[in-house]
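Trainee: Let me begin by handing over the structure; questions about it come next.
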Amino acid sequence: MMKRRSWMVIVSVMALTASMLAGCGGGGTGTAQEPDNGSQAGVTTLRFATWDTGDALKIEQDIAKKFEESHPGTKVQVEAYADGFDQKLAAGFGAANPPDVMYMWDFPTYHQSLEPLDDYASKDKDLNIDDFYQGLFNYGKIGDKLYGIPAGFTTRVVYYNKKLFDEAGIAYPNDGWTWTDFQDIAKRLTDPSKKQYGFGVRAENDTYDLQGLVWSNGGSFISEDGTTIEGYMNSKETAEAIQMLGDMLKNGTAVLAGGKGQQSGEDIFKAGKIAMWESGIWPLESFREAGIDVGTVEMPAFPGKPVKGVLAESALSIAKDSKHKDLAWEFIKFYVSDEAIKMRVADLPVRASVVNELKKDQDPLYKPYYTMLERSDNTPAFLLNPKWNEVNRQLSAAVESVMFGSDAQEALNQAVKDSERYLK
């Protein structure tokens, strides 16, 4: 599952069905256990740390067992850290006792504790590196070094409730639509008497996810060299993109979701009370299970400007302190093989060959994710400046204030003023 909790967490890759199942296999118990680091009785233990739970975790256990079958004398110890992933991982690194292989997204924080993988990836023909969607590697690099092999990803799309569109006699949106189209549709699908709204806007937006919206309007939170926020975070283009969401809340064509005492946007969508919702792959299966006749479409464009997207990606990394690096590489290679990718049904495949074989890019529900992948070539702010977490606190507060009625330009000006000291 891809980790994006007020990410990027990023974290999550994409558990479409994430029921909470206890149990962590391959030597695990559902919670992190005392690590077995050595080779005992001729058995080498390889520790694999994951943030996943539920069905996605069960699949990872099955992959670990498959790997053990093809590598006699190896035991893969799956360590399920769940929401405590970052804390437990940091503790392991601090004690020079990390897992050998781990899911990873926060490369700026952890890269000094990770093994560079450039030589492994370039010299091992069995990896078939050219079969990966190449843009995914940009998210696993710091400087010119590669620290993570893509395991799963999602882009962001607009979900829409076909029933509500049909009842209103509105044609389904198509790729190439604009934010002007979007706002018009949202207005037509809003009926306060039914407590029905055209769109749901998060009370607490992850600024990472908003970058696609901002880039699409020609804005950015930070300069490409990662040194400057003045004139970027508070540019006219950035402010306009954020203000659009605030204005939809003000004019009543959108409803606030996920705030204190409020239902999540996913739950409101499943209740048939919002016609459109923007997200990654994660809620798709739950929408279908709820009986919603759901469609997906790529993000709208600002008039005359190209659509830009942002990726939520999970990768696999090897700890620099691992005593089993070659075996860890073999596990990673198996984890991103065709066989394992097909087992991980909650993930969007990272290999073009698997996508072509399964015809994912031809399925109307899945095609927009891959269309948006082609549009996701910008570099996220957190990869451009090591102090981004400090800056992001002010940015997040500014965005939240806009959702509750503040002027975006004024709020972003203040966020820049309060943040610039971190970039000196």
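Ordered as shown in the structure tokens, chains take letters A, B, and onward, while each chain numbers its residues from 1 and ligands are numbered from 1 in the order shown.
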Please identify the strand (DSSP E or B) residues within range 80-247 of chain A (assignment by DSSP from backbone atoms) and present them as JSON, numbers by chain.
Mentor: {"A": [80, 101, 102, 103, 104, 114, 132, 141, 142, 145, 146, 149, 150, 151, 152, 153, 154, 157, 158, 159, 160, 161, 178, 191, 196, 197, 198, 199, 200, 201, 202]}
Trainee: With N, CA, C and O atoms retained, write the just-selected residues as a tab-separated table (two decimals), in the first residue's frame.
Mentor:
```tsv
chain	number	residue	atom	x	y	z
A	80	ALA	N	5.07	-5.78	10.21
A	80	ALA	CA	3.98	-4.86	9.88
A	80	ALA	C	3.98	-3.71	10.88
A	80	ALA	O	3.57	-3.87	12.02
A	101	VAL	N	15.01	-4.93	4.10
A	101	VAL	CA	14.23	-4.35	3.00
A	101	VAL	C	13.04	-3.63	3.60
A	101	VAL	O	12.46	-4.11	4.59
A	102	MET	N	12.66	-2.51	3.02
A	102	MET	CA	11.52	-1.78	3.57
A	102	MET	C	10.82	-1.00	2.46
A	102	MET	O	11.43	-0.63	1.45
A	103	TYR	N	9.51	-0.77	2.67
A	103	TYR	CA	8.82	0.20	1.85
A	103	TYR	C	9.41	1.57	2.17
A	103	TYR	O	9.83	1.83	3.30
A	104	MET	N	9.41	2.45	1.19
A	104	MET	CA	10.01	3.76	1.39
A	104	MET	C	9.35	4.78	0.49
A	104	MET	O	8.96	4.49	-0.63
A	114	LEU	N	20.24	4.44	3.58
A	114	LEU	CA	19.86	3.46	2.57
A	114	LEU	C	21.03	3.16	1.63
A	114	LEU	O	21.91	4.00	1.42
A	132	PHE	N	9.85	-0.71	-16.68
A	132	PHE	CA	9.17	0.16	-15.72
A	132	PHE	C	8.77	1.47	-16.38
A	132	PHE	O	9.42	1.93	-17.33
A	141	LYS	N	14.97	9.07	-6.16
A	141	LYS	CA	16.33	9.58	-6.28
A	141	LYS	C	16.55	10.79	-5.38
A	141	LYS	O	15.66	11.60	-5.16
A	142	ILE	N	17.75	10.86	-4.86
A	142	ILE	CA	18.24	12.06	-4.20
A	142	ILE	C	19.54	12.42	-4.89
A	142	ILE	O	20.48	11.61	-4.93
A	145	LYS	N	21.59	9.77	-7.24
A	145	LYS	CA	21.62	8.39	-6.76
A	145	LYS	C	20.21	7.83	-6.57
A	145	LYS	O	19.32	8.53	-6.10
A	146	LEU	N	20.06	6.57	-6.94
A	146	LEU	CA	18.77	5.87	-6.82
A	146	LEU	C	18.74	5.07	-5.52
A	146	LEU	O	19.63	4.27	-5.26
A	149	ILE	N	13.40	1.18	-5.63
A	149	ILE	CA	12.85	0.59	-6.85
A	149	ILE	C	11.32	0.69	-6.77
A	149	ILE	O	10.71	0.26	-5.79
A	150	PRO	N	10.68	1.28	-7.78
A	150	PRO	CA	9.22	1.47	-7.73
A	150	PRO	C	8.48	0.15	-7.51
A	150	PRO	O	8.76	-0.85	-8.18
A	151	ALA	N	7.55	0.16	-6.56
A	151	ALA	CA	6.75	-1.03	-6.28
A	151	ALA	C	5.28	-0.81	-6.60
A	151	ALA	O	4.57	-1.73	-6.99
A	152	GLY	N	4.80	0.40	-6.42
A	152	GLY	CA	3.41	0.70	-6.70
A	152	GLY	C	3.22	2.21	-6.74
A	152	GLY	O	4.07	2.98	-6.28
A	153	PHE	N	2.12	2.65	-7.30
A	153	PHE	CA	1.88	4.09	-7.41
A	153	PHE	C	0.39	4.35	-7.60
A	153	PHE	O	-0.40	3.44	-7.89
A	154	THR	N	0.03	5.59	-7.42
A	154	THR	CA	-1.25	6.06	-7.92
A	154	THR	C	-1.09	7.50	-8.37
A	154	THR	O	-0.26	8.24	-7.83
A	157	VAL	N	-7.29	11.26	-9.82
A	157	VAL	CA	-8.33	11.41	-10.84
A	157	VAL	C	-9.58	11.96	-10.18
A	157	VAL	O	-9.67	12.08	-8.96
A	158	VAL	N	-10.57	12.27	-11.00
A	158	VAL	CA	-11.89	12.66	-10.49
A	158	VAL	C	-12.83	11.46	-10.60
A	158	VAL	O	-12.99	10.89	-11.69
A	159	TYR	N	-13.39	11.08	-9.47
A	159	TYR	CA	-14.46	10.06	-9.46
A	159	TYR	C	-15.79	10.78	-9.66
A	159	TYR	O	-15.99	11.89	-9.14
A	160	TYR	N	-16.71	10.13	-10.37
A	160	TYR	CA	-18.04	10.73	-10.51
A	160	TYR	C	-19.11	9.65	-10.41
A	160	TYR	O	-18.91	8.50	-10.78
A	161	ASN	N	-20.24	10.06	-9.86
A	161	ASN	CA	-21.38	9.17	-9.63
A	161	ASN	C	-22.28	9.23	-10.87
A	161	ASN	O	-22.97	10.22	-11.10
A	178	THR	N	-12.23	21.06	-18.69
A	178	THR	CA	-11.56	22.15	-18.00
A	178	THR	C	-12.17	22.38	-16.62
A	178	THR	O	-13.25	21.85	-16.31
A	191	ASP	N	-27.90	20.40	-5.12
A	191	ASP	CA	-29.30	20.58	-4.73
A	191	ASP	C	-29.36	20.60	-3.20
A	191	ASP	O	-29.47	19.56	-2.56
A	196	GLN	N	-27.32	17.62	-1.38
A	196	GLN	CA	-26.49	17.05	-2.44
A	196	GLN	C	-25.63	18.16	-3.04
A	196	GLN	O	-26.13	19.25	-3.32
A	197	TYR	N	-24.35	17.86	-3.21
A	197	TYR	CA	-23.41	18.86	-3.71
A	197	TYR	C	-22.62	18.31	-4.89
A	197	TYR	O	-22.45	17.10	-5.04
A	198	GLY	N	-22.12	19.23	-5.69
A	198	GLY	CA	-21.39	18.82	-6.88
A	198	GLY	C	-20.03	18.23	-6.59
A	198	GLY	O	-19.53	17.38	-7.33
A	199	PHE	N	-19.41	18.69	-5.49
A	199	PHE	CA	-18.04	18.29	-5.22
A	199	PHE	C	-17.79	18.33	-3.72
A	199	PHE	O	-18.47	19.04	-2.98
A	200	GLY	N	-16.82	17.55	-3.29
A	200	GLY	CA	-16.39	17.57	-1.89
A	200	GLY	C	-14.98	18.10	-1.79
A	200	GLY	O	-14.10	17.69	-2.54
A	201	VAL	N	-14.75	19.04	-0.88
A	201	VAL	CA	-13.42	19.63	-0.67
A	201	VAL	C	-12.95	19.26	0.73
A	201	VAL	O	-13.70	19.39	1.71
A	202	ARG	N	-11.74	18.78	0.83
A	202	ARG	CA	-11.20	18.37	2.13
A	202	ARG	C	-10.98	19.57	3.05
A	202	ARG	O	-10.42	20.58	2.63
```
Trainee: I need the helix (DSSP H, G or I) residues of range 98-325 of chain A per DSSP on the backbone, written as a count of residues only.
Mentor: 84
Trainee: Between A:Leu256, A:Val336, A:Ala203, A:Val350, which residue has the minimum interatomic distance to Ala397 in chain A, considering only C-alpha atoms?
Mentor: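 The closest residue to Ala397 in chain A is A:Ala203.
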Trainee: Could you give me, as a tab-separated table (two decimals) with N, CA, C and O atoms, in the first residue's frame, the residues within 8 Å of range 384-396 of chain A, counting only C-alpha atoms and dropping anything in the same chain fewer than 5 positions from it?
Mentor:
```tsv
chain	number	residue	atom	x	y	z
A	108	PRO	N	14.27	12.00	1.26
A	108	PRO	CA	15.06	13.08	1.84
A	108	PRO	C	15.44	12.81	3.30
A	108	PRO	O	16.53	13.15	3.73
A	109	THR	N	14.53	12.18	4.05
A	109	THR	CA	14.81	11.91	5.46
A	109	THR	C	15.74	10.73	5.65
A	109	THR	O	16.64	10.76	6.50
A	205	ASN	N	-6.41	19.62	3.66
A	205	ASN	CA	-5.82	19.16	2.40
A	205	ASN	C	-4.34	18.84	2.59
A	205	ASN	O	-3.61	19.60	3.24
A	206	ASP	N	-3.91	17.74	2.04
A	206	ASP	CA	-2.49	17.43	2.00
A	206	ASP	C	-1.88	18.28	0.89
A	206	ASP	O	-2.24	18.13	-0.29
A	207	THR	N	-0.98	19.18	1.23
A	207	THR	CA	-0.43	20.08	0.23
A	207	THR	C	0.35	19.31	-0.84
A	207	THR	O	0.49	19.79	-1.97
A	224	GLU	N	12.37	25.46	-8.99
A	224	GLU	CA	12.86	24.16	-9.43
A	224	GLU	C	14.17	23.77	-8.77
A	224	GLU	O	14.47	22.59	-8.61
A	225	ASP	N	14.97	24.77	-8.37
A	225	ASP	CA	16.23	24.45	-7.70
A	225	ASP	C	16.07	24.31	-6.19
A	225	ASP	O	17.04	24.06	-5.47
A	226	GLY	N	14.83	24.45	-5.70
A	226	GLY	CA	14.55	24.21	-4.30
A	226	GLY	C	15.01	25.28	-3.33
A	226	GLY	O	15.03	25.06	-2.11
A	227	THR	N	15.33	26.48	-3.82
A	227	THR	CA	15.89	27.51	-2.94
A	227	THR	C	14.92	28.64	-2.60
A	227	THR	O	15.14	29.37	-1.63
A	379	THR	N	8.66	17.70	-10.22
A	379	THR	CA	9.29	17.18	-9.00
A	379	THR	C	8.62	17.78	-7.78
A	379	THR	O	8.56	19.01	-7.65
A	412	LEU	N	-1.32	33.00	1.58
A	412	LEU	CA	-0.06	32.49	1.05
A	412	LEU	C	1.07	33.50	1.22
A	412	LEU	O	2.23	33.12	1.45
A	415	ALA	N	2.18	32.94	4.65
A	415	ALA	CA	2.90	31.67	4.78
A	415	ALA	C	4.34	31.81	4.30
A	415	ALA	O	5.27	31.27	4.91
A	416	VAL	N	4.52	32.54	3.20
A	416	VAL	CA	5.89	32.79	2.71
A	416	VAL	C	6.68	33.59	3.72
A	416	VAL	O	7.84	33.27	4.03
A	418	ASP	N	6.30	33.75	6.91
A	418	ASP	CA	6.59	32.96	8.11
A	418	ASP	C	7.57	31.82	7.83
A	418	ASP	O	8.12	31.24	8.78
A	419	SER	N	7.77	31.48	6.55
A	419	SER	CA	8.57	30.31	6.20
A	419	SER	C	9.98	30.61	5.72
A	419	SER	O	10.84	29.73	5.74
A	420	GLU	N	10.20	31.82	5.26
A	420	GLU	CA	11.47	32.10	4.59
A	420	GLU	C	12.69	31.89	5.49
A	420	GLU	O	13.78	31.58	5.01
A	422	TYR	N	13.35	29.45	7.23
A	422	TYR	CA	13.81	28.06	7.15
A	422	TYR	C	14.69	27.81	5.93
A	422	TYR	O	15.38	26.78	5.87
A	423	LEU	N	14.66	28.71	4.96
A	423	LEU	CA	15.41	28.50	3.73
A	423	LEU	C	16.74	29.24	3.74
A	423	LEU	O	17.50	29.17	2.76
```
Trainee: Compare A:Glu410, A:Ala275, A:Glu285, A:Asp86 by their minimum atom-to-atom distance to Val345 in chain A, counting only C-alpha atoms, and give me the closest one.
Mentor: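 For Val345 in chain A, the nearest of the given residues is A:Glu285.
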Trainee: Considering only C-alpha atoms, return as a PyMOL selection string whatever protein or nucleic-acid residues lie within 9 Å of Phe67 in chain A, sequence-local ones (same chain, fewer than 6 positions apart) excluded.
Mentor: chain A and resi 74-76+331+334-335
Trainee: Those residues you just picked out, can you put them in a file as a PDB file, in the first residue's frame with N, CA, C and O atoms?
Mentor:
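Everything below was put into result25.pdb:
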```
ATOM      1  N   THR A  74      16.028 -19.589   3.164  1.00  0.00           N
ATOM      2  CA  THR A  74      15.701 -18.192   3.468  1.00  0.00           C
ATOM      3  C   THR A  74      14.347 -18.103   4.154  1.00  0.00           C
ATOM      4  O   THR A  74      13.387 -18.760   3.730  1.00  0.00           O
ATOM      5  N   LYS A  75      14.286 -17.314   5.204  1.00  0.00           N
ATOM      6  CA  LYS A  75      13.008 -16.991   5.846  1.00  0.00           C
ATOM      7  C   LYS A  75      12.802 -15.482   5.755  1.00  0.00           C
ATOM      8  O   LYS A  75      13.652 -14.703   6.178  1.00  0.00           O
ATOM      9  N   VAL A  76      11.687 -15.076   5.178  1.00  0.00           N
ATOM     10  CA  VAL A  76      11.359 -13.652   5.106  1.00  0.00           C
ATOM     11  C   VAL A  76      10.482 -13.300   6.300  1.00  0.00           C
ATOM     12  O   VAL A  76       9.368 -13.819   6.439  1.00  0.00           O
ATOM     13  N   PHE A 331      15.142 -10.277  -3.253  1.00  0.00           N
ATOM     14  CA  PHE A 331      13.754 -10.160  -2.791  1.00  0.00           C
ATOM     15  C   PHE A 331      13.062  -8.998  -3.490  1.00  0.00           C
ATOM     16  O   PHE A 331      11.914  -9.120  -3.942  1.00  0.00           O
ATOM     17  N   PHE A 334      12.197  -9.938  -6.973  1.00  0.00           N
ATOM     18  CA  PHE A 334      11.025 -10.812  -7.035  1.00  0.00           C
ATOM     19  C   PHE A 334       9.748 -10.024  -6.770  1.00  0.00           C
ATOM     20  O   PHE A 334       8.715 -10.238  -7.411  1.00  0.00           O
ATOM     21  N   TYR A 335       9.815  -9.085  -5.830  1.00  0.00           N
ATOM     22  CA  TYR A 335       8.640  -8.304  -5.448  1.00  0.00           C
ATOM     23  C   TYR A 335       8.110  -7.466  -6.611  1.00  0.00           C
ATOM     24  O   TYR A 335       6.911  -7.184  -6.694  1.00  0.00           O
TER      25      TYR A 335
END
```
Trainee: Of the residues A:Ala271, A:Ala346, A:Met244, A:Met299, which is the one nearest to Phe287 in chain A, using only C-alpha atoms?
Mentor: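 Using only C-alpha atoms, Phe287 in chain A sits closest to A:Ala271.
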Trainee: For Ala408 in chain A, which residue out of A:Asn251, A:Gln263, A:Asn234, A:Thr296 is the nearest one, using only C-alpha atoms?
Mentor: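 Among the listed residues, A:Asn234 lies closest to Ala408 in chain A.
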Trainee: Of the candidates A:Trp282, A:Tyr110, A:Trp329, A:Tyr172, which one gets nearest to Val297 in chain A if we count only C-alpha atoms?
Mentor: A:Tyr172
Trainee: Could you work out how far CA of Gln362 in chain A lies from CA of Trp215 in chain A, giving the answer in Å with one decimal?
Mentor: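 Those two atoms sit 26.7 Å apart.
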Trainee: Compare A:Asp124, A:Asp363, A:Glu60, A:Glu79 by their minimum atom-to-atom distance to Arg47 in chain A, counting only C-alpha atoms, and give me the closest one.
Mentor: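 Using only C-alpha atoms, Arg47 in chain A sits closest to A:Glu79.
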Trainee: Applying 9 Å and only C-alpha atoms, which residues near Met343 in chain A remain after dropping the ones on its own chain fewer than 6 positions away? List them as a list in words.
Mentor: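 Non-adjacent residues within range: Ile59, Glu60, Asp62 and Ile63 of chain A.
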Trainee: Those same residues - C-alpha atoms - I'd like them written as a JSON list (two decimals), in the first residue's frame.
Mentor:
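The result, stored in result.json:
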```json
[["chain", "number", "residue", "atom", "x", "y", "z"],
["A", 59, "ILE", "CA", -0.74, -10.46, -0.15],
["A", 60, "GLU", "CA", 2.73, -9.42, 1.01],
["A", 62, "ASP", "CA", 2.01, -14.66, 0.32],
["A", 63, "ILE", "CA", 4.74, -13.03, -1.77]]
```
Trainee: Counting only C-alpha atoms, what is within 12 Å of Val307 in chain A, bar same-chain residues fewer than 6 positions away, as a list of chain:residue names?
Mentor: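 Here the qualifying residues turn out to be A:Arg156, A:Val157, A:Asp175, A:Gly176, A:Trp177, A:Thr178, A:Trp179, A:Gln211, A:Gly212, A:Leu213, A:Val214, A:Trp215, A:Ser216, A:Asn217, A:Gly218, A:Gly219, A:Glu298, A:Met299, A:Pro300, A:Ala301, A:Thr371, A:Met372, A:Leu373, A:Glu374, A:Arg375, A:Ser376, A:Asp377, A:Asn378.
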Trainee: Please produce an output containing C-alpha atoms for each residue in the selection, written as a CSV table (one decimal), in the first residue's frame.
Mentor:
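Now in selection25.csv:
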```
chain,number,residue,atom,x,y,z
A,156,ARG,CA,-5.1,11.4,-8.9
A,157,VAL,CA,-8.3,11.4,-10.8
A,175,ASP,CA,-10.5,13.7,-20.7
A,176,GLY,CA,-9.7,17.2,-21.9
A,177,TRP,CA,-12.4,18.9,-19.8
A,178,THR,CA,-11.6,22.2,-18.0
A,179,TRP,CA,-12.0,23.5,-14.5
A,211,GLN,CA,0.6,20.2,-6.2
A,212,GLY,CA,-1.0,18.8,-9.3
A,213,LEU,CA,-3.7,21.4,-9.2
A,214,VAL,CA,-1.2,24.2,-8.7
A,215,TRP,CA,1.2,23.0,-11.4
A,216,SER,CA,-1.7,22.7,-13.8
A,217,ASN,CA,-2.3,26.5,-13.4
A,218,GLY,CA,1.4,27.2,-14.0
A,219,GLY,CA,2.2,27.7,-10.3
A,298,GLU,CA,-8.4,12.6,-15.7
A,299,MET,CA,-8.1,15.9,-13.8
A,300,PRO,CA,-9.5,19.0,-15.5
A,301,ALA,CA,-7.3,21.6,-17.2
A,371,THR,CA,-3.1,9.1,-18.6
A,372,MET,CA,-2.3,11.2,-15.5
A,373,LEU,CA,1.0,9.2,-15.1
A,374,GLU,CA,2.1,10.7,-18.5
A,375,ARG,CA,1.4,14.1,-17.1
A,376,SER,CA,3.2,13.6,-13.8
A,377,ASP,CA,6.8,14.8,-14.6
A,378,ASN,CA,7.1,17.7,-12.1
```
